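**Q** Enclosed is the structure file coords06.txt (compact mmCIF, C-alpha atoms and all ligand atoms).
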```
# COMPACT_ATOMS: atom_id res chain seq x y z
CA MET A 1 123.51 12.80 -121.31
CA VAL A 2 120.50 14.51 -122.78
CA ASN A 3 118.31 13.40 -125.66
CA LYS A 4 114.90 13.83 -127.28
CA GLU A 5 113.19 12.93 -123.98
CA ASN A 6 114.54 16.11 -122.35
CA THR A 7 113.06 19.58 -122.38
CA SER A 8 114.85 22.42 -124.10
CA LEU A 9 115.70 23.88 -120.70
CA GLU A 10 117.22 20.60 -119.53
CA ILE A 11 119.30 20.42 -122.69
CA LYS A 12 120.50 23.98 -122.14
CA ASN A 13 121.36 23.25 -118.51
CA ALA A 14 123.36 20.18 -119.52
CA LYS A 15 125.98 22.66 -120.81
CA THR A 16 127.62 20.20 -123.17
CA ASP A 17 129.20 21.23 -126.45
CA ILE A 18 129.34 17.63 -127.74
CA ALA A 19 126.52 16.28 -129.91
CA LEU A 20 125.99 12.88 -131.50
CA ILE A 21 124.07 12.22 -134.71
CA PRO A 22 123.35 8.48 -135.03
CA VAL A 23 122.63 7.51 -138.65
CA GLY A 24 120.77 4.35 -139.63
CA ALA A 25 118.49 3.19 -142.43
CA THR A 26 115.01 1.80 -143.03
CA GLU A 27 115.49 -1.30 -145.14
CA GLN A 28 114.78 -5.02 -145.48
CA HIS A 29 116.60 -7.16 -142.94
CA ALA A 30 115.66 -10.66 -144.14
CA SER A 31 112.62 -12.44 -142.73
CA HIS A 32 113.52 -12.17 -139.05
CA LEU A 33 114.57 -8.58 -138.29
CA PRO A 34 112.55 -5.34 -138.50
CA VAL A 35 113.28 -2.72 -141.15
CA LYS A 36 114.22 -0.32 -138.35
CA THR A 37 117.20 -2.47 -137.29
CA ASP A 38 120.04 -0.08 -138.22
CA ALA A 39 118.34 3.05 -136.88
CA PHE A 40 117.25 1.22 -133.71
CA LEU A 41 120.77 -0.07 -133.00
CA ALA A 42 122.27 3.33 -133.85
CA GLU A 43 120.11 5.04 -131.26
CA LYS A 44 120.60 2.38 -128.57
CA VAL A 45 124.39 2.46 -128.89
CA CYS A 46 124.62 6.26 -129.09
CA GLU A 47 122.40 6.76 -126.02
CA GLU A 48 124.71 4.50 -124.05
CA VAL A 49 127.75 6.34 -125.47
CA ALA A 50 126.19 9.68 -124.51
CA LYS A 51 125.85 8.52 -120.90
CA GLU A 52 129.62 8.09 -120.78
CA THR A 53 130.49 11.27 -122.66
CA GLY A 54 127.77 13.61 -121.36
CA ALA A 55 126.78 14.47 -124.93
CA TYR A 56 123.48 15.55 -126.42
CA VAL A 57 122.32 12.66 -128.61
CA LEU A 58 119.87 13.32 -131.41
CA PRO A 59 117.19 10.83 -132.42
CA ALA A 60 118.70 8.43 -134.95
CA MET A 61 118.37 9.49 -138.56
CA PRO A 62 115.96 6.76 -139.71
CA PHE A 63 116.69 7.03 -143.44
CA GLY A 64 119.94 6.35 -145.23
CA ASN A 65 121.29 5.20 -148.58
CA SER A 66 119.64 1.83 -149.10
CA ILE A 67 119.63 1.53 -152.88
CA GLU A 68 121.10 -2.00 -152.63
CA ASN A 69 118.08 -3.11 -150.58
CA MET A 70 115.30 -1.58 -152.64
CA GLU A 71 114.18 -5.03 -153.82
CA GLY A 72 112.94 -5.71 -150.27
CA ALA A 73 109.44 -4.56 -149.22
CA GLY A 74 109.43 -1.67 -146.77
CA THR A 75 112.81 -0.31 -147.82
CA VAL A 76 113.10 3.40 -148.52
CA THR A 77 116.25 5.14 -149.65
CA LEU A 78 117.57 8.65 -149.84
CA ARG A 79 119.82 9.60 -152.70
CA PRO A 80 123.39 10.12 -151.42
CA MET A 81 123.13 13.87 -152.07
CA THR A 82 119.94 14.07 -149.98
CA LEU A 83 121.69 12.45 -147.01
CA ARG A 84 124.59 14.85 -147.54
CA ALA A 85 122.14 17.78 -147.42
CA VAL A 86 120.52 16.44 -144.22
CA ILE A 87 123.92 16.22 -142.50
CA PHE A 88 124.76 19.79 -143.64
CA ASP A 89 121.49 21.06 -142.13
CA LEU A 90 121.70 19.11 -138.87
CA THR A 91 125.30 20.10 -138.20
CA GLU A 92 124.58 23.76 -139.05
CA SER A 93 121.68 23.71 -136.56
CA LEU A 94 123.90 22.23 -133.88
CA PHE A 95 126.74 24.71 -134.55
CA ARG A 96 124.25 27.59 -134.28
CA GLN A 97 123.11 26.15 -130.94
CA GLY A 98 126.68 26.32 -129.67
CA TYR A 99 127.81 22.73 -130.13
CA LYS A 100 131.46 22.59 -131.13
CA LYS A 101 132.20 18.89 -131.42
CA ILE A 102 129.67 17.02 -133.49
CA PHE A 103 130.02 13.29 -134.08
CA VAL A 104 128.25 11.62 -136.99
CA VAL A 105 128.01 7.98 -135.89
CA ASN A 106 127.15 5.65 -138.75
CA PHE A 107 125.44 2.28 -138.39
CA HIS A 108 124.63 1.39 -141.97
CA GLY A 109 127.37 0.17 -144.28
CA ALA A 110 126.05 1.84 -147.44
CA ASN A 111 125.99 5.39 -146.06
CA PHE A 112 129.29 6.03 -147.85
CA VAL A 113 128.49 9.69 -148.49
CA LEU A 114 128.77 10.58 -144.80
CA LYS A 115 132.55 10.57 -144.79
CA PRO A 116 133.20 13.04 -147.64
CA THR A 117 130.32 15.13 -146.28
CA VAL A 118 132.03 15.50 -142.90
CA ARG A 119 135.29 16.40 -144.64
CA GLU A 120 133.52 18.96 -146.79
CA ILE A 121 131.81 20.65 -143.82
CA ASN A 122 135.16 20.97 -142.03
CA TYR A 123 136.80 22.27 -145.21
CA GLU A 124 134.17 24.98 -145.54
CA GLY A 125 134.78 25.79 -141.87
CA LYS A 126 131.87 28.19 -141.59
CA PHE A 127 131.33 27.60 -137.89
CA ASN A 128 133.34 27.48 -134.71
CA GLY A 129 133.82 23.75 -134.23
CA LYS A 130 134.35 20.49 -136.06
CA VAL A 131 132.39 17.53 -137.29
CA PHE A 132 133.86 14.05 -136.79
CA TYR A 133 132.94 10.74 -138.35
CA VAL A 134 132.80 7.48 -136.43
CA ASP A 135 131.99 4.35 -138.41
CA SER A 136 130.37 1.78 -136.18
CA ALA A 137 129.06 -0.10 -139.20
CA TYR A 138 132.67 -0.75 -140.14
CA GLY A 139 133.50 -2.12 -136.70
CA LYS A 140 131.24 -5.09 -137.17
CA PHE A 141 133.17 -6.46 -140.14
CA GLU A 142 136.31 -6.91 -138.11
CA GLY A 143 136.49 -10.53 -137.06
CA ALA A 144 133.21 -11.27 -138.81
CA LYS A 145 134.32 -10.65 -142.37
CA MET A 146 131.34 -11.83 -144.34
CA ASP A 147 128.67 -11.21 -141.74
CA LEU A 148 127.45 -8.22 -143.67
CA HIS A 149 123.71 -7.88 -143.30
CA SER A 150 121.09 -9.39 -140.95
CA GLY A 151 123.70 -11.97 -139.93
CA ASP A 152 125.13 -13.17 -136.64
CA VAL A 153 126.08 -9.72 -135.33
CA GLU A 154 122.86 -7.84 -136.07
CA THR A 155 120.64 -10.77 -135.12
CA SER A 156 122.47 -11.27 -131.81
CA MET A 157 122.23 -7.56 -130.98
CA MET A 158 118.51 -7.50 -131.75
CA MET A 159 117.97 -10.61 -129.57
CA TYR A 160 119.54 -8.67 -126.74
CA LEU A 161 118.03 -5.21 -127.31
CA TRP A 162 114.68 -5.66 -129.05
CA LYS A 163 111.75 -6.45 -126.81
CA LYS A 164 110.06 -8.72 -129.37
CA LYS A 165 111.02 -12.36 -129.62
CA LEU A 166 112.75 -13.16 -132.90
CA SER A 167 111.56 -16.04 -135.04
CA LEU A 168 114.36 -17.73 -136.97
CA LYS A 169 111.99 -20.24 -138.53
CA ASN A 170 112.55 -19.33 -142.18
CA VAL A 171 116.09 -18.08 -141.78
CA LYS A 172 119.26 -19.60 -143.16
CA ASN A 173 122.95 -18.77 -143.16
CA VAL A 174 124.00 -17.32 -146.51
CA SER A 175 127.47 -16.83 -148.00
CA PRO A 176 127.00 -15.36 -151.49
CA VAL A 177 129.49 -15.78 -154.31
CA TYR A 178 129.66 -11.99 -154.62
CA ASN A 179 132.01 -9.51 -153.00
CA ARG A 180 130.61 -6.68 -150.93
CA ALA A 181 131.57 -4.19 -153.65
CA ASP A 182 129.33 -6.02 -156.12
CA LEU A 183 126.36 -4.49 -154.31
CA ASP A 184 127.12 -1.48 -156.54
CA TRP A 185 125.35 -3.37 -159.33
CA VAL A 186 123.43 -6.29 -157.81
CA GLY A 187 120.76 -5.99 -155.12
CA MET A 188 121.15 -7.58 -151.68
CA VAL A 189 118.09 -9.80 -152.13
CA SER A 190 119.27 -11.06 -155.54
CA ALA A 191 122.85 -11.50 -154.34
CA THR A 192 121.67 -13.68 -151.46
CA GLY A 193 119.37 -15.90 -153.49
CA GLY A 194 116.25 -14.22 -152.14
CA ALA A 195 117.18 -14.58 -148.45
CA GLY A 196 117.99 -10.90 -147.91
CA CYS A 197 120.61 -11.81 -145.34
CA TRP A 198 124.35 -12.05 -145.89
CA GLY A 199 126.03 -13.91 -143.06
CA PHE A 200 125.20 -16.27 -140.22
CA PRO A 201 121.96 -15.38 -138.41
CA LEU A 202 121.52 -18.97 -137.19
CA ASN A 203 124.71 -18.57 -135.13
CA ALA A 204 123.18 -15.68 -133.17
CA THR A 205 122.76 -15.77 -129.40
CA LEU A 206 121.51 -13.26 -126.86
CA LYS A 207 124.80 -13.55 -124.98
CA LYS A 208 126.79 -12.59 -128.09
CA GLY A 209 124.37 -9.69 -128.63
CA LYS A 210 125.11 -8.30 -125.17
CA LYS A 211 128.85 -8.59 -125.76
CA GLU A 212 128.61 -7.05 -129.24
CA PHE A 213 126.53 -4.16 -127.87
CA GLU A 214 129.02 -3.50 -125.09
CA ASN A 215 131.94 -3.76 -127.52
CA ARG A 216 130.24 -1.36 -129.93
CA VAL A 217 129.58 1.17 -127.16
CA ALA A 218 133.19 0.84 -125.95
CA PHE A 219 134.51 1.27 -129.51
CA VAL A 220 132.54 4.49 -130.11
CA VAL A 221 133.42 5.92 -126.67
CA LYS A 222 137.10 5.14 -127.25
CA GLU A 223 137.05 6.71 -130.69
CA ILE A 224 135.31 9.86 -129.41
CA ASN A 225 137.78 10.18 -126.54
CA ARG A 226 140.72 9.63 -128.89
CA ILE A 227 139.50 12.35 -131.25
CA LEU A 228 138.65 14.79 -128.44
CA GLY A 229 142.10 14.24 -126.91
CA LEU A 230 143.78 15.23 -130.16
CA TYR A 231 141.36 18.03 -130.99
CA ASN A 232 141.47 19.67 -127.57
CA ASN A 233 145.27 19.67 -127.84
CA ILE A 234 145.46 21.58 -131.12
CA LYS A 235 142.81 24.13 -130.25
ZN ZN A 301 121.46 -3.60 -140.79
```
Reformat the file's structure so that it appears as structure tokens.
**A**
Amino acid sequence: MVNKENTSLEIKNAKTDIALIPVGATEQHASHLPVKTDAFLAEKVCEEVAKETGAYVLPAMPFGNSIENMEGAGTVTLRPMTLRAVIFDLTESLFRQGYKKIFVVNFHGANFVLKPTVREINYEGKFNGKVFYVDSAYGKFEGAKMDLHSGDVETSMMMYLWKKKLSLKNVKNVSPVYNRADLDWVGMVSATGGAGCWGFPLNATLKKGKKEFENRVAFVVKEINRILGLYNNIK
């Protein structure tokens, strides 16, 4: 795998035509996790995935669509159309560099615009290659239905991957009366009674974080291999 730590020559010599674009966010993650959480996890998982697939992994896109978290200090959001434009520009750059299989790997649940964007780029078909979408944010809801934000899964993963020690002093488990879709009109902080977390952070353990990280890497690798298997067949 090659990434931002490599020289241009090293990236050229890697001779891969697969690239990964991890996409995160910079937004409030309750009182115990850093605002970088999504982007940090996106990059960690994708770098591990790239080791197994030999891909060129870009630095994680640190900004996403975080309108639902704008009540929380430190949150910044792009408008959906700005994120769409960023993905258009990044994929065009990669196509021009000779990459033919570009994977947009999403780690933030509210980056909805990524999916139609990928479809639109492929529909335009201006370059020799395809863009694929892998939703790793989605993966975490399976088996952890309401652990939506700064909960058990994210907190466990940060315990395992983040060098700093987490303080769970002021943290509580929160199960709001809202549905996830209600975040269209109510902010995350309001919906969670000011806690800013939706789920079960107090259930987090480092051991679960390791397992979740490994599962997430395995899920993305499997999905990439599945797509490449199909794509290489039809080419
Ligand atoms: Zn998050």
**Q** Could you report the residues within 9 Å of ligand ZN 301 (chain A), using only C-alpha atoms and all ligand atoms, as a list in words?
**A**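 Residues satisfying the distance criterion: Gly24, Ala25, Thr26, Glu27, Gln28, His29, Leu33, Val35, Lys36, Thr37, Asp38, Ala39, Leu41, Phe107, His108, Gly109, Ala137, Leu148, His149, Ser150, Gly151 and Glu154 of chain A.
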**Q** Quick one: residues within 12 Å of Leu228 in chain A, only C-alpha atoms counted, chain neighbours fewer than 6 positions away excluded, as a list in words?
**A**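 In the requested form, the answer reads Asp17, Ile18, Thr53, Lys100, Lys101, Ile102, Phe103, Gly129, Lys130, Val131, Phe132, Val221, Lys222, Ile234 and Lys235 of chain A.
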**Q** Restricting the calculation to all atoms listed in the file, which member of A:Val186, A:Phe112, A:Tyr56, A:Val49 is positioned closest to Thr7 in chain A?
**A**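 For Thr7 in chain A, the nearest of the given residues is A:Tyr56.
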**Q** For Glu5 in chain A, please output as a list in words all residues within 12 Å (counting only C-alpha atoms; exclusion window: fewer than 4 positions along the same chain).
**A**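 The residues that qualify are Met1, Leu9, Glu10, Ile11, Glu47, Tyr56, Val57, Leu58 and Pro59 of chain A.
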**Q** Which residue, A:Met188, A:Leu206, A:Ile224, A:Ala218, has the smallest gap to Glu68 in chain A when you use all atoms listed in the file?
**A**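 Among the listed residues, the smallest separation from Glu68 in chain A belongs to A:Met188.
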